[in-house]
>>> print(open('model37.cif').read())   # mmCIF, C-alpha atoms
data_final
loop_
_atom_site.label_atom_id
_atom_site.label_comp_id
_atom_site.auth_asym_id
_atom_site.auth_seq_id
_atom_site.Cartn_x
_atom_site.Cartn_y
_atom_site.Cartn_z
CA MET K 170 7.51 27.51 3.55
CA ILE K 171 4.93 29.69 5.28
CA GLU K 172 4.58 28.97 8.99
CA SER K 173 1.97 30.33 11.37
CA SER K 174 2.45 30.56 15.12
CA SER K 175 1.08 27.75 17.30
CA SER K 176 -1.28 30.22 19.02
CA GLU K 177 -2.86 31.33 15.76
CA THR K 178 -6.40 30.05 15.15
CA LEU K 179 -6.71 27.88 12.06
CA VAL K 180 -10.08 29.37 11.08
CA SER K 181 -12.59 31.64 12.80
CA GLY K 182 -15.67 30.53 14.71
CA ASP K 183 -17.82 32.12 12.03
CA GLU K 184 -16.09 30.02 9.39
CA VAL K 185 -16.79 26.87 11.38
CA LYS K 186 -20.48 27.84 11.38
CA ALA K 187 -20.24 28.54 7.64
CA LEU K 188 -18.64 25.12 7.11
CA ILE K 189 -21.49 23.38 8.95
CA HIS K 190 -24.06 25.41 6.99
CA TRP K 191 -22.32 24.53 3.71
CA PHE K 192 -22.37 20.85 4.66
CA HIS K 193 -26.09 20.84 5.43
CA GLN K 194 -26.72 22.40 2.01
CA TYR K 195 -24.37 20.38 -0.18
CA ALA K 196 -23.54 17.16 1.65
CA ILE K 197 -23.48 13.98 -0.39
CA ASP K 198 -25.71 11.29 1.08
CA TYR K 199 -23.86 8.01 1.55
CA PRO K 200 -25.47 4.77 2.75
CA TRP K 201 -23.31 4.63 5.86
CA GLY K 202 -24.42 8.12 6.88
CA ASP K 203 -28.10 7.22 7.24
CA ASN K 204 -27.59 5.25 10.43
CA PRO K 205 -24.07 5.84 11.77
CA THR K 206 -23.87 3.00 14.28
CA PRO K 207 -20.39 2.08 15.54
CA TYR K 208 -20.40 -1.05 13.36
CA ARG K 209 -21.47 0.75 10.17
CA VAL K 210 -18.96 3.56 10.73
CA TRP K 211 -16.19 1.01 11.32
CA ILE K 212 -16.89 -0.96 8.15
CA SER K 213 -17.35 2.13 5.95
CA GLU K 214 -14.17 3.81 7.21
CA ILE K 215 -12.07 0.71 6.54
CA MET K 216 -13.60 0.34 3.08
CA LEU K 217 -12.86 3.98 2.27
CA GLN K 218 -9.19 3.67 3.16
CA GLN K 219 -7.26 3.32 -0.12
CA THR K 220 -10.52 2.88 -2.07
CA VAL K 221 -12.50 5.40 -4.12
CA VAL K 222 -15.91 6.26 -2.70
CA SER K 223 -17.84 5.02 -5.74
CA ALA K 224 -16.37 1.52 -5.34
CA ALA K 225 -17.13 1.43 -1.62
CA ILE K 226 -20.84 2.30 -1.87
CA GLU K 227 -22.12 -0.92 -3.46
CA HIS K 228 -19.73 -3.07 -1.45
CA PHE K 229 -20.99 -1.48 1.77
CA ILE K 230 -24.62 -2.13 0.87
CA GLN K 231 -23.92 -5.77 0.01
CA TRP K 232 -21.71 -6.22 3.07
CA MET K 233 -24.51 -5.12 5.39
CA LYS K 234 -26.86 -7.61 3.76
CA LEU K 235 -24.36 -10.44 4.26
CA PHE K 236 -23.03 -9.38 7.67
CA PRO K 237 -25.67 -7.15 9.29
CA ASP K 238 -24.01 -7.29 12.70
CA ILE K 239 -20.74 -8.15 14.40
CA MET K 240 -21.91 -11.57 15.60
CA THR K 241 -22.79 -12.63 12.04
CA LEU K 242 -19.43 -11.39 10.79
CA ALA K 243 -17.52 -13.14 13.57
CA ARG K 244 -19.19 -16.48 12.76
CA ALA K 245 -18.54 -16.18 9.00
CA ASP K 246 -15.87 -18.18 7.20
CA GLU K 247 -12.84 -16.15 6.12
CA GLN K 248 -13.36 -17.14 2.49
CA ALA K 249 -16.86 -15.63 2.59
CA VAL K 250 -15.45 -12.42 4.08
CA LEU K 251 -12.76 -12.18 1.40
CA LYS K 252 -15.34 -12.87 -1.29
CA ALA K 253 -17.50 -10.00 0.00
CA TRP K 254 -14.42 -7.76 -0.14
CA GLU K 255 -13.59 -8.75 -3.73
CA GLY K 256 -12.94 -5.67 -5.86
CA LEU K 257 -11.86 -3.39 -3.02
CA GLY K 258 -8.23 -4.55 -2.93
CA TYR K 259 -5.82 -4.54 0.03
CA TYR K 260 -7.42 -7.69 1.37
CA SER K 261 -5.55 -7.54 4.67
CA ARG K 262 -8.22 -4.97 5.62
CA ALA K 263 -10.92 -7.63 5.28
CA ARG K 264 -8.93 -10.17 7.26
CA ASN K 265 -8.38 -7.61 10.03
CA ILE K 266 -12.08 -6.74 10.09
CA HIS K 267 -12.84 -10.43 10.51
CA LYS K 268 -10.28 -10.74 13.32
CA GLY K 269 -11.65 -7.56 14.86
CA ALA K 270 -15.21 -8.91 14.86
CA ARG K 271 -14.06 -12.05 16.65
CA TYR K 272 -12.08 -9.98 19.15
CA ILE K 273 -15.11 -7.77 19.86
CA THR K 274 -17.30 -10.85 20.25
CA ASP K 275 -14.88 -12.49 22.67
CA SER K 276 -13.81 -9.39 24.63
CA HIS K 277 -16.85 -7.09 24.49
CA SER K 278 -19.83 -9.45 23.95
CA GLY K 279 -20.18 -8.22 20.37
CA ILE K 280 -20.50 -4.54 21.32
CA ILE K 281 -17.98 -2.00 19.97
CA PRO K 282 -16.57 -0.05 22.93
CA GLY K 283 -16.87 3.73 23.15
CA SER K 284 -13.38 4.22 24.56
CA TYR K 285 -10.35 5.27 22.50
CA ASP K 286 -8.01 3.04 24.52
CA GLU K 287 -10.25 0.01 24.00
CA LEU K 288 -10.89 0.70 20.31
CA ILE K 289 -7.22 0.74 19.32
CA LYS K 290 -6.79 -2.72 20.82
CA ILE K 291 -9.09 -4.12 18.15
CA PRO K 292 -7.24 -5.66 15.15
CA GLY K 293 -7.27 -3.28 12.20
CA ILE K 294 -8.44 -0.22 14.16
CA GLY K 295 -5.82 2.51 14.48
CA ASP K 296 -5.90 6.13 15.51
CA TYR K 297 -7.87 7.42 12.52
CA THR K 298 -10.57 4.74 12.60
CA ALA K 299 -10.94 5.02 16.37
CA ARG K 300 -11.44 8.78 16.08
CA ALA K 301 -13.98 8.33 13.28
CA ILE K 302 -16.02 5.82 15.29
CA LEU K 303 -15.95 7.96 18.44
CA SER K 304 -16.99 11.16 16.67
CA LEU K 305 -19.47 9.81 14.11
CA ALA K 306 -21.11 7.07 16.19
CA PHE K 307 -20.57 8.15 19.81
CA SER K 308 -20.65 11.97 19.32
CA GLN K 309 -17.35 12.42 21.14
CA ALA K 310 -15.19 15.42 20.23
CA PHE K 311 -12.39 13.63 18.38
CA PRO K 312 -11.22 15.33 15.15
CA VAL K 313 -10.11 13.01 12.36
CA LEU K 314 -7.33 13.32 9.81
CA ASP K 315 -7.86 11.73 6.43
CA ALA K 316 -6.24 12.77 3.15
CA ASN K 317 -8.92 15.40 2.55
CA VAL K 318 -8.57 17.01 5.99
CA ARG K 319 -4.78 17.02 5.73
CA ARG K 320 -5.00 18.76 2.35
CA ILE K 321 -7.31 21.43 3.80
CA GLY K 322 -4.91 21.96 6.70
CA GLN K 323 -1.94 22.12 4.36
CA ARG K 324 -3.63 24.81 2.27
CA LEU K 325 -4.89 26.80 5.23
CA LEU K 326 -1.32 26.91 6.58
CA ALA K 327 0.33 27.18 3.13
CA LEU K 328 2.72 24.31 3.80
CA ARG K 329 4.43 23.18 0.61
CA GLU K 330 5.35 19.83 2.18
CA TRP K 331 3.40 17.91 4.82
CA GLN K 332 5.49 16.37 7.58
CA VAL K 333 4.52 13.79 10.20
CA ARG K 334 4.79 16.45 12.91
CA ASP K 335 2.15 18.49 11.11
CA ASP K 336 -0.47 15.86 11.95
CA LYS K 337 -0.15 16.65 15.66
CA ARG K 338 -0.15 20.37 14.96
CA LEU K 339 -3.34 20.14 12.90
CA LEU K 340 -5.07 17.91 15.45
CA ILE K 341 -4.39 20.45 18.20
CA GLN K 342 -5.90 23.18 16.03
CA LEU K 343 -8.96 21.07 15.19
CA GLU K 344 -9.49 20.09 18.82
CA SER K 345 -9.96 23.78 19.63
CA LEU K 346 -12.50 24.15 16.82
CA ILE K 347 -14.60 20.97 16.83
CA PRO K 348 -18.13 21.62 18.17
CA HIS K 349 -18.81 19.33 21.12
CA ASP K 350 -22.50 19.16 20.26
CA SER K 351 -21.92 17.97 16.68
CA PRO K 352 -18.39 16.53 16.26
CA GLY K 353 -19.47 14.01 13.65
CA VAL K 354 -21.02 16.68 11.47
CA PHE K 355 -17.86 18.79 11.75
CA ASN K 356 -15.63 15.88 10.69
CA CYS K 357 -17.90 14.86 7.82
CA ALA K 358 -18.08 18.49 6.69
CA LEU K 359 -14.29 18.78 6.51
CA MET K 360 -13.89 15.47 4.72
CA GLN K 361 -16.56 16.33 2.13
CA LEU K 362 -15.19 19.85 1.73
CA GLY K 363 -11.91 18.29 0.63
CA GLN K 364 -13.73 15.87 -1.63
CA ILE K 365 -16.05 18.40 -3.27
CA LEU K 366 -14.28 21.79 -3.23
CA CYS K 367 -10.72 21.62 -1.87
CA ARG K 368 -9.67 19.02 -4.42
CA VAL K 369 -6.06 18.09 -5.14
CA ARG K 370 -6.26 19.86 -8.47
CA SER K 371 -8.55 22.76 -9.50
CA PRO K 372 -9.99 23.62 -6.06
CA GLU K 373 -13.09 25.82 -6.13
CA CYS K 374 -11.85 28.45 -3.68
CA SER K 375 -14.58 30.98 -4.46
CA LEU K 376 -17.19 28.59 -2.98
CA CYS K 377 -15.17 27.51 0.06
CA PRO K 378 -16.54 28.56 3.47
CA LEU K 379 -12.98 28.65 4.86
CA SER K 380 -11.45 30.77 2.10
CA LYS K 381 -10.88 33.90 4.23
CA SER K 382 -8.39 32.04 6.44
CA CYS K 383 -6.69 30.12 3.62
CA GLN K 384 -3.10 31.33 3.28
CA THR K 385 -2.62 29.32 0.09
CA ARG K 386 -5.47 31.20 -1.56
CA THR K 387 -4.13 34.54 -0.28
CA LEU K 388 -0.74 33.75 -1.83
CA GLY K 389 -2.26 32.39 -5.05
CA LEU K 390 -0.48 29.04 -4.63
CA GLN K 391 -3.45 26.71 -5.16
CA GLY K 392 -1.70 25.07 -8.10
CA GLU K 393 1.47 24.44 -6.10
CA ILE K 394 0.10 23.32 -2.72
CA PRO K 395 0.05 20.43 -2.30
CA ALA K 396 2.99 19.66 -4.57
CA ALA K 397 2.34 17.02 -7.19
CA LYS K 398 3.64 13.64 -6.08
CA LYS K 399 6.02 11.84 -8.38
CA ARG K 400 5.49 8.13 -8.04
CA LYS K 401 7.71 5.70 -9.89
CA ILE K 402 5.66 2.77 -11.10
CA LYS K 403 7.42 -0.54 -11.55
CA GLU K 404 6.19 -2.85 -14.29
CA LYS K 405 6.05 -6.61 -14.51
CA GLU K 406 4.79 -9.05 -17.15
CA SER K 407 3.35 -12.46 -16.35
CA THR K 408 1.85 -15.28 -18.39
CA LEU K 409 -1.20 -16.96 -16.84
CA LEU K 410 -1.76 -20.61 -17.69
CA LEU K 411 -5.32 -21.54 -16.79
CA LEU K 412 -5.52 -25.33 -16.97
CA ALA K 413 -8.99 -26.75 -17.65
CA SER K 414 -10.22 -30.33 -17.60
CA ARG K 415 -13.78 -31.61 -17.85
CA GLY K 416 -15.58 -28.57 -16.52
CA THR K 417 -12.96 -27.70 -13.91
CA VAL K 418 -10.05 -25.27 -13.78
CA LEU K 419 -6.90 -25.35 -11.68
CA LEU K 420 -6.41 -22.43 -9.28
CA THR K 421 -3.93 -21.76 -6.50
CA ARG K 422 -4.57 -20.20 -3.10
CA ARG K 423 -1.88 -18.15 -1.40
CA ASN K 424 -1.42 -18.75 2.29
CA LYS K 425 1.26 -16.12 2.86
CA GLY K 426 2.09 -12.57 1.82
CA LEU K 427 0.28 -10.40 -0.71
CA GLY K 428 -3.04 -11.97 -1.65
CA LYS K 429 -3.19 -14.29 1.36
CA GLY K 430 -6.40 -16.33 1.27
CA LEU K 431 -7.21 -15.45 -2.35
CA TRP K 432 -7.30 -17.74 -5.38
CA PHE K 433 -5.11 -17.07 -8.41
CA ILE K 434 -4.54 -18.44 -11.90
CA PRO K 435 -1.11 -20.14 -12.05
CA SER K 436 1.48 -17.83 -13.52
CA VAL K 437 5.04 -17.78 -14.81
CA PRO K 438 7.25 -14.84 -15.83
CA ARG K 439 6.48 -13.62 -19.34
CA GLY K 440 8.83 -15.27 -21.83
CA THR K 441 9.28 -18.52 -19.89
CA GLU K 442 5.95 -20.11 -20.80
CA GLN K 443 6.87 -21.75 -24.11
CA PRO K 444 8.44 -24.96 -22.73
CA LEU K 445 5.40 -25.43 -20.48
CA LEU K 446 2.97 -24.88 -23.34
CA GLU K 447 4.89 -27.36 -25.51
CA ALA K 448 4.84 -29.96 -22.74
CA LEU K 449 1.12 -29.46 -22.20
CA THR K 450 0.25 -29.66 -25.90
CA GLU K 451 2.10 -32.98 -26.15
CA GLY K 452 -0.75 -34.31 -24.04
CA THR K 453 -3.21 -33.21 -26.73
CA ALA K 454 -4.18 -29.95 -25.09
CA GLU K 455 -5.94 -27.07 -26.82
CA VAL K 456 -4.56 -23.61 -26.13
CA LEU K 457 -6.77 -20.53 -26.36
CA THR K 458 -5.44 -16.98 -26.00
CA LEU K 459 -7.57 -14.81 -23.70
CA GLN K 460 -7.78 -11.04 -23.41
CA GLU K 461 -4.70 -9.32 -22.02
CA ARG K 462 -5.26 -7.62 -18.66
CA VAL K 463 -3.48 -5.15 -16.39
CA HIS K 464 -3.30 -5.59 -12.61
CA LEU K 465 -2.62 -2.30 -10.83
CA TYR K 466 -0.98 -2.10 -7.42
CA THR K 467 0.08 0.92 -5.36
CA THR K 468 3.58 1.31 -6.80
CA TRP K 469 3.63 -1.12 -9.73
CA LYS K 470 1.52 -2.66 -12.44
CA GLU K 471 1.51 -6.17 -13.85
CA ARG K 472 0.59 -6.95 -17.44
CA LEU K 473 -1.14 -10.32 -17.59
CA PHE K 474 -1.15 -12.52 -20.70
CA PRO K 475 -3.66 -15.33 -20.03
CA PHE K 476 -3.99 -18.62 -21.89
CA LEU K 477 -6.70 -21.23 -21.40
CA VAL K 478 -5.17 -24.69 -21.74
CA VAL K 479 -7.91 -27.30 -22.23
CA LEU K 480 -6.49 -30.71 -21.35
CA LYS K 481 -7.85 -33.68 -23.25
CA ASP K 482 -6.80 -36.38 -20.81
CA VAL K 483 -8.39 -36.93 -17.41
CA SER K 484 -5.26 -36.46 -15.30
CA ARG K 485 -5.77 -34.18 -12.31
CA ASP K 486 -2.16 -34.12 -11.16
CA ILE K 487 -0.88 -30.76 -9.89
CA PRO K 488 2.18 -29.76 -11.96
CA SER K 489 5.09 -28.69 -9.77
CA TRP K 490 5.45 -25.30 -11.51
CA VAL K 491 1.91 -24.34 -10.49
CA LEU K 492 2.93 -23.96 -6.83
CA SER K 493 5.28 -21.06 -7.46
CA HIS K 494 4.84 -19.60 -3.97
CA GLU K 495 5.87 -21.46 -0.83
CA ASP K 496 2.92 -23.00 1.04
CA ASP K 497 0.47 -22.35 -1.81
CA ASP K 498 -2.52 -24.66 -2.15
CA ALA K 499 -3.95 -25.78 -5.48
CA ALA K 500 -7.31 -27.29 -6.40
CA TRP K 501 -9.42 -28.24 -9.39
CA ILE K 502 -12.59 -26.16 -9.13
CA GLN K 503 -15.85 -26.60 -10.99
CA VAL K 504 -16.40 -23.73 -13.42
CA SER K 505 -19.98 -23.45 -12.13
CA GLU K 506 -18.64 -22.79 -8.60
CA LEU K 507 -15.94 -20.22 -9.43
CA ASP K 508 -18.05 -17.31 -8.27
CA SER K 509 -17.83 -18.47 -4.65
CA TYR K 510 -14.01 -18.38 -4.58
CA PRO K 511 -12.48 -14.98 -3.66
CA THR K 512 -9.99 -13.69 -6.21
CA PRO K 513 -8.60 -10.25 -7.20
CA SER K 514 -10.99 -8.44 -9.54
CA VAL K 515 -8.67 -8.63 -12.56
CA TYR K 516 -8.58 -12.44 -12.23
CA ARG K 517 -12.35 -12.48 -11.82
CA LYS K 518 -12.68 -10.79 -15.23
CA ILE K 519 -10.51 -13.49 -16.78
CA LEU K 520 -12.48 -16.28 -15.12
CA GLU K 521 -15.74 -14.76 -16.36
CA GLU K 522 -14.53 -15.41 -19.92
CA ILE K 523 -14.35 -19.14 -19.27
CA PRO K 524 -17.98 -20.51 -19.16
CA PRO K 525 -18.84 -19.69 -22.80
CA LEU K 526 -15.71 -21.57 -23.92
CA PHE K 527 -16.89 -24.91 -22.50
#
>>> encode(input="model37.cif", output="structure tokens")
Amino acid sequence: MIESSSSETLVSGDEVKALIHWFHQYAIDYPWGDNPTPYRVWISEIMLQQTVVSAAIEHFIQWMKLFPDIMTLARADEQAVLKAWEGLGYYSRARNIHKGARYITDSHSGIIPGSYDELIKIPGIGDYTARAILSLAFSQAFPVLDANVRRIGQRLLALREWQVRDDKRLLIQLESLIPHDSPGVFNCALMQLGQILCRVRSPECSLCPLSKSCQTRTLGLQGEIPAAKKRKIKEKESTLLLLASRGTVLLTRRNKGLGKGLWFIPSVPRGTEQPLLEALTEGTAEVLTLQERVHLYTTWKERLFPFLVVLKDVSRDIPSWVLSHEDDDAAWIQVSELDSYPTPSVYRKILEEIPPLF
């Protein structure tokens, strides 16, 4: 591991100027950058956490139409907030934004504070988001560390592995470099440099404004730093039994754990569905096989095998097996109203197959 002394400057002042110049020439225009108010920065930064930029753009535009300000968001129903978040995943982020809006309304009259200590009291706002809001919206000299900035720091210092302690080390270095007259531009420039040039694989070092100070480039280790992460993906198979009766389908809503507040198609472990299908078909049900889907999570993926079970009788009883999670709710929902119920995007694709079948 290559280490540099704590007194060593990360990059030169001229390189900082070159970075800003590069950004003004090649910056990507994003909708949240046009008017970086504290609210818009907050929402965009939360959306961009664990979400690719392309997915966040349209969601951000629609979000601002639905919830143009904190007061509107605070008054909204949680189901409407989750629905607006549909497709971005990690729905706890949306619930925390909603809680945060209510906290800001109650504690700060709907105005996002410009103090670090006050910002981190808001539900869902941690160190990174607070720094982003303060630098981008309030022009305060707070450097930020996202995955792109960490990767740039790791390559500049030629660190094969990134440790928690390196965050503090990099922040100290950036605090000595960040221009006090344009901290937001500096942070955006670093983040976009990592996105556009200093990519995880195949970085374009010859175009990088910081290349002279990059120890990884000097050592020719661009293909080794950062080291490729080996992530073991667990797999799971589930059978979805979507019960339908007279223009309605039966869905469950989780009130705890992963997917809290979202609506799901009842499921059972793959291979255990046959007795249930036989019991359902005894009641003169029609079973249709729908397209197989894959639900991807951070460390595992679930293969979904959906069936549409069209019940011929008028019974609207809730079978006991449907409530597979403790404290789940279940309801028969009109097919014409499904679009207003928040559900993970993979389930939305399955539900979109339903109307033509009725």
>>> resolve_selection(input="model37.cif", expression="the PyMOL selection byres ((chain K and resi 244) around 12)", output="short mmCIF file (atom, residue, chain, number, x, y, z; two decimals) with C-alpha atoms, keeping the file's coordinate frame")
data_model
loop_
_atom_site.label_atom_id
_atom_site.label_comp_id
_atom_site.auth_asym_id
_atom_site.auth_seq_id
_atom_site.Cartn_x
_atom_site.Cartn_y
_atom_site.Cartn_z
CA LEU K 235 -24.36 -10.44 4.26
CA PHE K 236 -23.03 -9.38 7.67
CA PRO K 237 -25.67 -7.15 9.29
CA ASP K 238 -24.01 -7.29 12.70
CA ILE K 239 -20.74 -8.15 14.40
CA MET K 240 -21.91 -11.57 15.60
CA THR K 241 -22.79 -12.63 12.04
CA LEU K 242 -19.43 -11.39 10.79
CA ALA K 243 -17.52 -13.14 13.57
CA ALA K 245 -18.54 -16.18 9.00
CA ASP K 246 -15.87 -18.18 7.20
CA GLU K 247 -12.84 -16.15 6.12
CA GLN K 248 -13.36 -17.14 2.49
CA ALA K 249 -16.86 -15.63 2.59
CA VAL K 250 -15.45 -12.42 4.08
CA HIS K 267 -12.84 -10.43 10.51
CA LYS K 268 -10.28 -10.74 13.32
CA GLY K 269 -11.65 -7.56 14.86
CA ALA K 270 -15.21 -8.91 14.86
CA ARG K 271 -14.06 -12.05 16.65
CA TYR K 272 -12.08 -9.98 19.15
CA ILE K 273 -15.11 -7.77 19.86
CA THR K 274 -17.30 -10.85 20.25
CA ASP K 275 -14.88 -12.49 22.67
CA GLY K 279 -20.18 -8.22 20.37
#
>>> resolve_selection(input="model37.cif", expression="the PyMOL selection byres ((chain K and resi 306-308) around 10)", output="ChimeraX atom specification")
/K:202,204-211,282-284,300-305,309-311,349-354
>>> closest_residue(input="model37.cif", among="K:Gly389, K:Gly256, K:Pro444, K:Pro488", to="Cys374 in chain K", atoms="all atoms listed in the file")
K:Gly389
>>> residues_around(input="model37.cif", residues="range 320-334 of chain K", least_positions_apart="6", cutoff="12 Å", atoms="all atoms listed in the file", output="MDAnalysis selection string")
chainID K and resid 170:175 177:181 313:314 340:343 358:370 372 374 377:398
>>> closest_residue(input="model37.cif", among="K:Val318, K:Leu376, K:Phe476, K:Lys337", to="Leu446 in chain K", atoms="all atoms listed in the file")
K:Phe476
>>> resolve_selection(input="model37.cif", expression="the PyMOL selection byres ((chain K and resi 218) around 12)", output="MDAnalysis selection string")
chainID K and resid 211:217 219:222 224:225 257:263 293:295 297:298 314:317
>>> atom_distance(input="model37.cif", atom1="CA of Pro200 in chain K", atom2="CA of Leu346 in chain K")
27.2 Å
>>> atom_distance(input="model37.cif", atom1="CA of Gln231 in chain K", atom2="CA of Arg264 in chain K")
17.2 Å
>>> closest_residue(input="model37.cif", among="K:Val463, K:Leu445, K:Leu480, K:Leu339", to="Ser514 in chain K", atoms="all atoms listed in the file")
K:Val463
>>> closest_residue(input="model37.cif", among="K:His228, K:Lys252, K:His193, K:Lys234", to="Leu507 in chain K", atoms="all atoms listed in the file")
K:Lys252
>>> atom_distance(input="model37.cif", atom1="CA of Pro348 in chain K", atom2="CA of Gln194 in chain K")
18.3 Å
>>> closest_residue(input="model37.cif", among="K:Pro513, K:Arg319, K:Trp501, K:Cys357", to="Ile197 in chain K", atoms="all atoms listed in the file")
K:Cys357
>>> decode(input="model37.cif", residues="range 291-298 of chain K", atoms="all heavy atoms", output="CSV table (one decimal), in the first residue's frame")
chain,number,residue,atom,x,y,z
K,291,ILE,N,-32.5,16.1,11.3
K,291,ILE,CA,-33.6,15.8,10.4
K,291,ILE,C,-33.6,14.3,10.0
K,291,ILE,O,-32.6,13.8,9.6
K,291,ILE,CB,-33.6,16.7,9.2
K,291,ILE,CG1,-33.7,18.2,9.6
K,291,ILE,CG2,-34.8,16.3,8.2
K,291,ILE,CD1,-33.4,19.1,8.4
K,292,PRO,N,-34.7,13.6,10.2
K,292,PRO,CA,-34.8,12.2,9.8
K,292,PRO,C,-34.3,12.0,8.4
K,292,PRO,O,-34.7,12.7,7.4
K,292,PRO,CB,-36.3,11.8,9.9
K,292,PRO,CG,-36.8,12.7,11.0
K,292,PRO,CD,-36.0,14.0,10.8
K,293,GLY,N,-33.4,11.0,8.2
K,293,GLY,CA,-32.9,10.7,6.9
K,293,GLY,C,-31.7,11.5,6.4
K,293,GLY,O,-31.2,11.2,5.3
K,294,ILE,N,-31.3,12.6,7.1
K,294,ILE,CA,-30.2,13.4,6.7
K,294,ILE,C,-29.0,13.1,7.6
K,294,ILE,O,-29.0,13.3,8.8
K,294,ILE,CB,-30.5,14.9,6.8
K,294,ILE,CG1,-31.6,15.2,5.7
K,294,ILE,CG2,-29.3,15.7,6.6
K,294,ILE,CD1,-31.9,16.7,5.6
K,295,GLY,N,-28.0,12.5,7.0
K,295,GLY,CA,-26.7,12.2,7.7
K,295,GLY,C,-25.6,13.2,7.3
K,295,GLY,O,-25.9,14.2,6.6
K,296,ASP,N,-24.4,12.8,7.5
K,296,ASP,CA,-23.3,13.6,7.3
K,296,ASP,C,-23.1,14.0,5.8
K,296,ASP,O,-23.0,15.2,5.5
K,296,ASP,CB,-22.0,12.9,7.8
K,296,ASP,CG,-20.7,13.7,7.4
K,296,ASP,OD1,-20.5,14.7,8.1
K,296,ASP,OD2,-20.0,13.4,6.5
K,297,TYR,N,-23.2,13.0,4.9
K,297,TYR,CA,-23.0,13.3,3.5
K,297,TYR,C,-24.1,14.3,3.0
K,297,TYR,O,-23.8,15.3,2.3
K,297,TYR,CB,-23.1,12.0,2.7
K,297,TYR,CG,-23.2,12.3,1.2
K,297,TYR,CD1,-22.1,12.7,0.5
K,297,TYR,CD2,-24.4,12.2,0.6
K,297,TYR,CE1,-22.2,13.0,-0.9
K,297,TYR,CE2,-24.5,12.5,-0.8
K,297,TYR,CZ,-23.4,12.9,-1.5
K,297,TYR,OH,-23.5,13.2,-2.8
K,298,THR,N,-25.4,14.0,3.3
K,298,THR,CA,-26.5,14.8,2.7
K,298,THR,C,-26.4,16.2,3.3
K,298,THR,O,-26.6,17.2,2.6
K,298,THR,CB,-27.8,14.2,3.1
K,298,THR,OG1,-27.8,12.8,2.6
K,298,THR,CG2,-29.0,15.0,2.4
